[in-house]
>>> print(open('entry.csv').read())   # CSV, C-alpha atoms
chain,number,residue,atom,x,y,z
F,8,ASP,CA,3.5,14.8,15.0
F,9,ALA,CA,1.2,11.8,15.7
F,10,LYS,CA,-2.4,12.8,16.1
F,11,THR,CA,-3.6,9.6,17.6
F,12,THR,CA,-2.7,7.6,20.7
F,13,GLN,CA,-3.2,3.8,20.8
F,14,PRO,CA,-2.1,1.1,23.2
F,15,THR,CA,1.0,-0.8,22.0
F,16,SER,CA,-0.6,-4.2,22.3
F,17,MET,CA,-3.8,-6.0,23.3
F,18,ASP,CA,-4.9,-9.6,23.7
F,19,CYS,CA,-8.3,-11.0,23.1
F,20,ALA,CA,-9.7,-14.5,23.4
F,21,GLU,CA,-11.1,-16.1,20.2
F,22,GLY,CA,-14.8,-15.6,19.9
F,23,ARG,CA,-14.9,-12.7,22.2
F,24,ALA,CA,-15.3,-9.0,21.3
F,25,ALA,CA,-12.1,-7.1,20.8
F,26,ASN,CA,-12.4,-3.4,21.7
F,27,LEU,CA,-9.5,-1.3,20.5
F,28,PRO,CA,-9.3,2.3,21.9
F,29,CYS,CA,-7.9,5.4,20.2
F,30,ASN,CA,-7.4,8.9,21.5
F,31,HIS,CA,-7.5,11.8,19.1
F,32,SER,CA,-8.0,14.8,21.3
F,33,THR,CA,-6.8,17.3,18.8
F,34,ILE,CA,-9.2,16.2,16.0
F,35,SER,CA,-10.7,19.0,13.9
F,36,GLY,CA,-14.3,19.3,13.0
F,37,ASN,CA,-13.9,18.1,9.4
F,38,GLU,CA,-11.5,15.3,10.1
F,39,TYR,CA,-12.5,11.7,9.9
F,40,VAL,CA,-11.4,8.7,12.0
F,41,TYR,CA,-10.1,5.9,9.9
F,42,TRP,CA,-9.2,2.4,11.0
F,43,TYR,CA,-6.9,0.1,9.0
F,44,ARG,CA,-5.2,-3.2,9.9
F,45,GLN,CA,-2.1,-4.8,8.7
F,46,ILE,CA,-1.4,-8.5,8.8
F,47,HIS,CA,2.2,-9.4,8.7
F,48,SER,CA,3.9,-8.7,5.3
F,49,GLN,CA,0.7,-7.5,3.6
F,50,GLY,CA,-0.6,-4.2,2.6
F,51,PRO,CA,-3.0,-2.5,5.1
F,52,GLN,CA,-6.6,-3.4,4.9
F,53,TYR,CA,-9.4,-0.8,5.2
F,54,ILE,CA,-11.8,-1.5,8.1
F,55,ILE,CA,-14.1,1.4,8.7
F,56,HIS,CA,-14.2,5.2,9.0
F,57,GLY,CA,-16.5,7.8,10.5
F,58,LEU,CA,-17.0,11.4,11.2
F,59,LYS,CA,-19.1,11.7,14.3
F,60,ASN,CA,-21.8,9.1,14.1
F,61,ASN,CA,-21.2,5.5,15.1
F,62,GLU,CA,-20.6,3.3,12.1
F,63,THR,CA,-21.0,-0.4,11.5
F,64,ASN,CA,-20.1,-2.7,8.6
F,65,GLU,CA,-19.5,-6.3,8.0
F,66,MET,CA,-16.1,-6.2,9.6
F,67,ALA,CA,-16.5,-4.0,12.6
F,68,SER,CA,-18.2,-1.2,14.5
F,69,LEU,CA,-16.8,2.2,15.2
F,70,ILE,CA,-17.9,4.1,18.3
F,71,ILE,CA,-17.0,7.8,18.4
F,72,THR,CA,-17.5,9.7,21.6
F,73,GLU,CA,-19.7,12.7,21.5
F,74,ASP,CA,-16.8,15.2,21.9
F,75,ARG,CA,-15.0,13.2,19.1
F,76,LYS,CA,-11.8,13.1,21.2
F,77,SER,CA,-11.7,9.3,21.3
F,78,SER,CA,-13.1,6.3,19.5
F,79,THR,CA,-13.3,2.5,19.9
F,80,LEU,CA,-13.1,-0.1,17.2
F,81,ILE,CA,-15.1,-3.2,18.0
F,82,LEU,CA,-14.5,-6.6,16.4
F,83,PRO,CA,-17.6,-8.4,17.6
F,84,HIS,CA,-16.4,-12.0,17.4
F,85,ALA,CA,-12.6,-12.0,17.1
F,86,THR,CA,-11.0,-14.9,15.2
F,87,LEU,CA,-7.4,-16.0,15.0
F,88,ARG,CA,-7.2,-14.3,11.6
F,89,ASP,CA,-7.9,-11.0,13.2
F,90,THR,CA,-4.4,-11.0,14.7
F,91,ALA,CA,-2.8,-7.9,13.2
F,92,VAL,CA,-1.6,-4.4,13.8
F,93,TYR,CA,-4.6,-2.0,14.0
F,94,TYR,CA,-4.1,1.6,13.0
F,95,CYS,CA,-6.3,4.5,14.0
F,96,ILE,CA,-5.8,7.5,11.7
F,97,VAL,CA,-7.3,11.0,11.6
F,98,ARG,CA,-7.6,12.4,8.2
F,99,GLY,CA,-9.6,15.2,6.5
F,100,GLY,CA,-9.8,18.9,5.8
F,101,SER,CA,-6.5,20.1,4.7
F,102,ASN,CA,-4.9,16.9,5.9
F,103,TYR,CA,-5.4,14.6,3.0
F,104,LYS,CA,-2.6,12.3,3.7
F,105,LEU,CA,-3.0,9.0,5.5
F,106,THR,CA,-0.3,9.0,8.1
F,107,PHE,CA,0.3,5.9,10.1
F,108,GLY,CA,1.3,5.8,13.8
F,109,LYS,CA,2.6,2.7,15.6
F,110,GLY,CA,-0.8,1.1,15.9
F,111,THR,CA,-2.0,-1.6,18.3
F,112,LEU,CA,-0.8,-5.2,17.9
F,113,LEU,CA,-3.9,-7.2,18.6
F,114,THR,CA,-3.3,-10.9,19.3
F,115,VAL,CA,-6.2,-13.2,19.3
F,116,ASN,CA,-5.6,-16.3,21.4
F,117,PRO,CA,-7.3,-19.6,21.0
A,576,GLY,CA,-14.0,-3.2,-1.9
A,577,ALA,CA,-11.9,-1.7,-4.6
A,578,VAL,CA,-8.8,-3.5,-5.7
A,579,VAL,CA,-5.3,-2.1,-6.0
A,580,SER,CA,-2.8,-4.4,-7.7
A,581,GLN,CA,0.9,-4.0,-7.0
A,582,HIS,CA,3.6,-5.7,-8.9
A,583,PRO,CA,6.1,-7.3,-8.4
A,584,SER,CA,5.4,-8.9,-5.0
A,585,TRP,CA,9.1,-9.2,-4.4
A,586,VAL,CA,12.3,-8.4,-6.2
A,587,ILE,CA,16.0,-9.1,-5.6
A,588,CYS,CA,18.5,-6.9,-7.4
A,589,LYS,CA,22.1,-6.1,-7.5
A,590,SER,CA,23.4,-2.9,-6.0
A,591,GLY,CA,23.5,0.0,-8.5
A,592,THR,CA,20.6,-1.3,-10.6
A,593,SER,CA,17.1,0.3,-10.9
A,594,VAL,CA,13.9,-1.3,-10.0
A,595,LYS,CA,10.4,-0.3,-11.1
A,596,ILE,CA,7.3,-1.1,-9.0
A,597,GLU,CA,3.8,-0.8,-10.5
A,598,CYS,CA,0.6,0.1,-8.8
A,599,ARG,CA,-2.7,-0.2,-10.6
A,600,SER,CA,-6.2,0.5,-9.6
A,601,LEU,CA,-8.3,-2.3,-11.2
A,602,ASP,CA,-11.9,-1.1,-10.8
A,603,PHE,CA,-11.7,2.6,-10.2
A,604,GLN,CA,-9.9,5.6,-11.4
A,605,ALA,CA,-7.3,6.9,-8.9
A,606,THR,CA,-6.6,10.6,-9.1
A,607,THR,CA,-4.2,10.3,-6.2
A,608,MET,CA,-1.8,7.5,-5.2
A,609,PHE,CA,0.4,7.4,-2.2
A,610,TRP,CA,3.7,5.5,-1.9
A,611,TYR,CA,4.9,4.2,1.5
A,612,ARG,CA,8.0,2.4,2.7
A,613,GLN,CA,8.1,0.1,5.7
A,614,PHE,CA,11.1,-1.3,7.5
A,615,PRO,CA,10.9,-4.4,9.6
A,616,LYS,CA,8.9,-4.0,12.8
A,617,GLN,CA,8.2,-0.4,12.0
A,618,SER,CA,5.1,1.5,10.8
A,619,LEU,CA,4.4,2.7,7.3
A,620,MET,CA,6.3,5.9,6.3
A,621,LEU,CA,4.7,8.0,3.6
A,622,MET,CA,7.3,8.7,0.9
A,623,ALA,CA,5.3,10.7,-1.7
A,624,THR,CA,1.9,11.6,-3.1
A,625,SER,CA,1.4,11.4,-6.8
A,626,ASN,CA,-1.4,13.0,-8.7
A,627,GLU,CA,-2.4,12.0,-12.2
A,628,GLY,CA,-0.8,14.2,-14.8
A,629,SER,CA,1.3,16.2,-12.4
A,630,LYS,CA,4.6,16.0,-10.5
A,631,ALA,CA,4.7,14.0,-7.3
A,632,THR,CA,4.9,15.7,-3.9
A,633,TYR,CA,7.7,14.1,-1.8
A,634,GLU,CA,7.8,14.0,2.0
A,635,GLN,CA,10.7,15.7,3.7
A,636,GLY,CA,13.9,13.6,3.6
A,637,VAL,CA,12.8,11.5,0.6
A,638,GLU,CA,15.1,12.0,-2.4
A,639,LYS,CA,13.0,12.7,-5.5
A,640,ASP,CA,15.8,11.9,-7.9
A,641,LYS,CA,16.3,8.5,-6.3
A,642,PHE,CA,12.6,7.5,-6.0
A,643,LEU,CA,11.1,8.5,-9.3
A,644,ILE,CA,7.3,8.5,-9.4
A,645,ASN,CA,5.2,8.6,-12.5
A,646,HIS,CA,1.4,8.8,-12.5
A,647,ALA,CA,0.6,9.0,-16.2
A,648,SER,CA,-2.9,7.6,-16.1
A,649,LEU,CA,-5.8,7.3,-13.8
A,650,THR,CA,-5.1,3.6,-13.2
A,651,LEU,CA,-1.3,3.4,-13.0
A,652,SER,CA,1.4,4.8,-10.9
A,653,THR,CA,5.0,3.6,-10.9
A,654,LEU,CA,7.8,4.0,-8.4
A,655,THR,CA,11.4,3.5,-9.7
A,656,VAL,CA,14.2,3.1,-7.2
A,657,THR,CA,17.2,4.3,-9.1
A,658,SER,CA,20.7,3.0,-8.4
A,659,ALA,CA,19.4,0.9,-5.6
A,660,HIS,CA,21.7,0.2,-2.6
A,661,PRO,CA,21.3,-2.3,0.3
A,662,GLU,CA,19.9,0.5,2.5
A,663,ASP,CA,17.0,0.8,0.1
A,664,SER,CA,15.9,-2.7,0.9
A,665,SER,CA,12.4,-2.4,2.3
A,666,PHE,CA,8.7,-3.2,1.9
A,667,TYR,CA,7.2,-0.7,-0.5
A,668,ILE,CA,3.4,-0.2,-0.5
A,669,CYS,CA,1.1,1.9,-2.7
A,670,SER,CA,-2.3,3.2,-1.9
A,671,ALA,CA,-4.9,4.6,-4.2
A,672,GLY,CA,-7.9,7.0,-3.7
A,673,THR,CA,-10.4,8.9,-5.6
A,674,ARG,CA,-9.9,12.4,-4.2
A,675,THR,CA,-10.5,15.3,-6.5
A,676,GLY,CA,-9.4,18.8,-5.8
A,677,ALA,CA,-7.5,20.1,-2.8
A,678,ILE,CA,-10.0,19.1,-0.2
A,679,PRO,CA,-10.2,15.4,0.5
A,680,THR,CA,-13.5,13.7,0.1
A,681,ASN,CA,-15.0,11.2,2.4
A,682,GLU,CA,-13.2,8.4,0.7
A,683,LYS,CA,-11.6,5.1,1.4
A,684,LEU,CA,-8.0,4.5,0.4
A,685,PHE,CA,-7.1,1.0,-0.7
A,686,PHE,CA,-3.7,-0.5,-0.5
A,687,GLY,CA,-1.7,-2.8,-2.7
A,688,SER,CA,-0.2,-6.0,-1.3
A,689,GLY,CA,3.3,-4.5,-1.2
A,690,THR,CA,6.7,-5.2,-2.8
A,691,GLN,CA,9.5,-6.6,-0.8
A,692,LEU,CA,12.8,-5.2,-2.3
A,693,SER,CA,16.1,-6.8,-1.4
A,694,VAL,CA,19.2,-5.1,-2.8
A,695,LEU,CA,22.3,-7.3,-2.6
>>> encode(input="entry.csv", output="structure tokens")
Amino acid sequence: DAKTTQPTSMDCAEGRAANLPCNHSTISGNEYVYWYRQIHSQGPQYIIHGLKNNETNEMASLIITEDRKSSTLILPHATLRDTAVYYCIVRGGSNYKLTFGKGTLLTVNP
Amino acid sequence: GAVVSQHPSWVICKSGTSVKIECRSLDFQATTMFWYRQFPKQSLMLMATSNEGSKATYEQGVEKDKFLINHASLTLSTLTVTSAHPEDSSFYICSAGTRTGAIPTNEKLFFGSGTQLSVL
């Protein structure tokens, strides 16, 4: 019962922006979009989350479409250390669990 | 960000023994903690949700008598794998949040570094 759809893998050149898309067409009005990433053999790391407005922090930017059916995570200047599996998760309302899909394996190449 | 400490990082045990994994929130009080399991090259699978002072809620297919969860304080939850067998070998990860009540708040969930369990 995955609620998000992400590409299986993406590549990005070091120093360039990485744009990771996510579709969540069935999102409810009170559900947030969360992004986490997992580097091999580590626990997931929180990146950013948002409801409907675009968000930015020291790690990334989150762009949510006006209809909220999709979003894009932007890493402005990708480094080799950003190579990881990135998970887009919808959570909120009565859905308090953080349920992980398969995510996107982002590989940053030198 | 908030820190969640998970211990041990790895453990090797003999089949039939029990293993306890601890998850601590170091700088915040965690009313809710989640336990996940991850097999190689797969995504995280939610096992159970523990709420401080009450019984854990297990996901479908997870044996509650085999995976004992205790959340006795606002900063500590433990997962005990009882009578471990080789098929229980996996990467176990905890997550802690500060949700109160039935409706989740606009909160971040923070994860421990994980425990690699190998059962011989």
>>> interface_residues(input="entry.csv", of="chain F", to="chain A", cutoff="10 Å", atoms="all atoms listed in the file", output="ChimeraX atom specification")
/F:37-39,41,43,45,47-58,92,94,98-110
>>> atom_distance(input="entry.csv", atom1="CA of Pro28 in chain F", atom2="CA of Asn60 in chain F")
16.2 Å
>>> residues_around(input="entry.csv", residues="Val656 in chain A", least_positions_apart="2", cutoff="6 Å", atoms="all atoms listed in the file", output="tab-separated table (two decimals) with C-alpha atoms, in the coordinates of the input")
chain	number	residue	atom	x	y	z
A	593	SER	CA	17.10	0.30	-10.90
A	594	VAL	CA	13.90	-1.30	-10.00
A	641	LYS	CA	16.30	8.50	-6.30
A	642	PHE	CA	12.60	7.50	-6.00
A	659	ALA	CA	19.40	0.90	-5.60
>>> atom_distance(input="entry.csv", atom1="CA of Arg23 in chain F", atom2="CA of Thr114 in chain F")
12.1 Å
>>> residues_around(input="entry.csv", residues="Ser652 in chain A", least_positions_apart="4", cutoff="7 Å", atoms="all atoms listed in the file", output="ChimeraX atom specification")
/A:597-599,645-647
>>> decode(input="entry.csv", residues="range 11-24 of chain F", atoms="all heavy atoms", output="short mmCIF file (atom, residue, chain, number, x, y, z; two decimals), in the first residue's frame")
data_model
loop_
_atom_site.label_atom_id
_atom_site.label_comp_id
_atom_site.auth_asym_id
_atom_site.auth_seq_id
_atom_site.Cartn_x
_atom_site.Cartn_y
_atom_site.Cartn_z
N THR F 11 3.68 6.55 -2.17
CA THR F 11 4.57 7.39 -2.96
C THR F 11 5.23 6.57 -4.05
O THR F 11 5.39 5.36 -3.92
CB THR F 11 5.67 8.03 -2.08
OG1 THR F 11 6.48 6.99 -1.53
CG2 THR F 11 5.07 8.85 -0.95
N THR F 12 5.60 7.27 -5.12
CA THR F 12 6.30 6.64 -6.24
C THR F 12 7.57 7.43 -6.53
O THR F 12 7.50 8.65 -6.72
CB THR F 12 5.43 6.60 -7.50
OG1 THR F 12 4.20 5.92 -7.20
CG2 THR F 12 6.14 5.85 -8.62
N GLN F 13 8.70 6.73 -6.54
CA GLN F 13 9.98 7.36 -6.81
C GLN F 13 10.74 6.55 -7.85
O GLN F 13 10.56 5.33 -7.93
CB GLN F 13 10.84 7.41 -5.54
CG GLN F 13 10.26 8.20 -4.38
CD GLN F 13 11.17 8.11 -3.16
OE1 GLN F 13 10.85 7.44 -2.18
NE2 GLN F 13 12.30 8.80 -3.23
N PRO F 14 11.61 7.20 -8.62
CA PRO F 14 12.46 6.42 -9.53
C PRO F 14 13.38 5.53 -8.72
O PRO F 14 13.78 5.86 -7.61
CB PRO F 14 13.23 7.49 -10.29
CG PRO F 14 13.12 8.73 -9.47
CD PRO F 14 11.83 8.64 -8.73
N THR F 15 13.73 4.40 -9.31
CA THR F 15 14.57 3.45 -8.60
C THR F 15 15.97 3.99 -8.36
O THR F 15 16.55 3.81 -7.29
CB THR F 15 14.66 2.14 -9.40
OG1 THR F 15 13.33 1.62 -9.58
CG2 THR F 15 15.50 1.11 -8.67
N SER F 16 16.50 4.66 -9.37
CA SER F 16 17.86 5.18 -9.24
C SER F 16 18.04 6.44 -10.07
O SER F 16 17.29 6.69 -11.03
CB SER F 16 18.88 4.12 -9.67
OG SER F 16 18.70 3.80 -11.03
N MET F 17 19.03 7.23 -9.67
CA MET F 17 19.40 8.45 -10.39
C MET F 17 20.89 8.67 -10.24
O MET F 17 21.50 8.23 -9.24
CB MET F 17 18.66 9.66 -9.83
CG MET F 17 17.16 9.67 -10.04
SD MET F 17 16.40 11.17 -9.42
CE MET F 17 17.14 12.40 -10.49
N ASP F 18 21.46 9.36 -11.20
CA ASP F 18 22.87 9.74 -11.13
C ASP F 18 22.97 11.25 -11.18
O ASP F 18 22.14 11.94 -11.78
CB ASP F 18 23.65 9.13 -12.30
CG ASP F 18 23.91 7.66 -12.10
OD1 ASP F 18 24.85 7.34 -11.36
OD2 ASP F 18 23.14 6.85 -12.65
N CYS F 19 24.02 11.75 -10.56
CA CYS F 19 24.25 13.19 -10.53
C CYS F 19 25.75 13.43 -10.49
O CYS F 19 26.50 12.67 -9.86
CB CYS F 19 23.58 13.80 -9.30
SG CYS F 19 23.85 15.57 -9.08
N ALA F 20 26.17 14.48 -11.17
CA ALA F 20 27.59 14.83 -11.14
C ALA F 20 27.90 15.65 -9.89
O ALA F 20 27.09 16.49 -9.46
CB ALA F 20 27.95 15.63 -12.39
N GLU F 21 29.05 15.40 -9.34
CA GLU F 21 29.47 16.13 -8.14
C GLU F 21 29.47 17.63 -8.42
O GLU F 21 29.94 18.09 -9.46
CB GLU F 21 30.88 15.67 -7.75
CG GLU F 21 31.37 16.23 -6.43
CD GLU F 21 32.74 15.71 -6.06
OE1 GLU F 21 33.46 15.21 -6.97
OE2 GLU F 21 33.12 15.80 -4.89
N GLY F 22 28.93 18.39 -7.48
CA GLY F 22 28.87 19.84 -7.62
C GLY F 22 27.63 20.36 -8.30
O GLY F 22 27.32 21.55 -8.21
N ARG F 23 26.90 19.48 -8.97
CA ARG F 23 25.66 19.88 -9.63
C ARG F 23 24.49 19.67 -8.68
O ARG F 23 24.58 18.99 -7.66
CB ARG F 23 25.45 19.06 -10.91
CG ARG F 23 26.60 19.13 -11.89
CD ARG F 23 26.79 20.55 -12.41
NE ARG F 23 25.67 20.99 -13.23
CZ ARG F 23 25.60 20.83 -14.55
NH1 ARG F 23 26.58 20.23 -15.20
NH2 ARG F 23 24.57 21.28 -15.22
N ALA F 24 23.36 20.26 -9.04
CA ALA F 24 22.16 20.07 -8.23
C ALA F 24 21.55 18.70 -8.53
O ALA F 24 21.49 18.27 -9.68
CB ALA F 24 21.15 21.17 -8.53
#
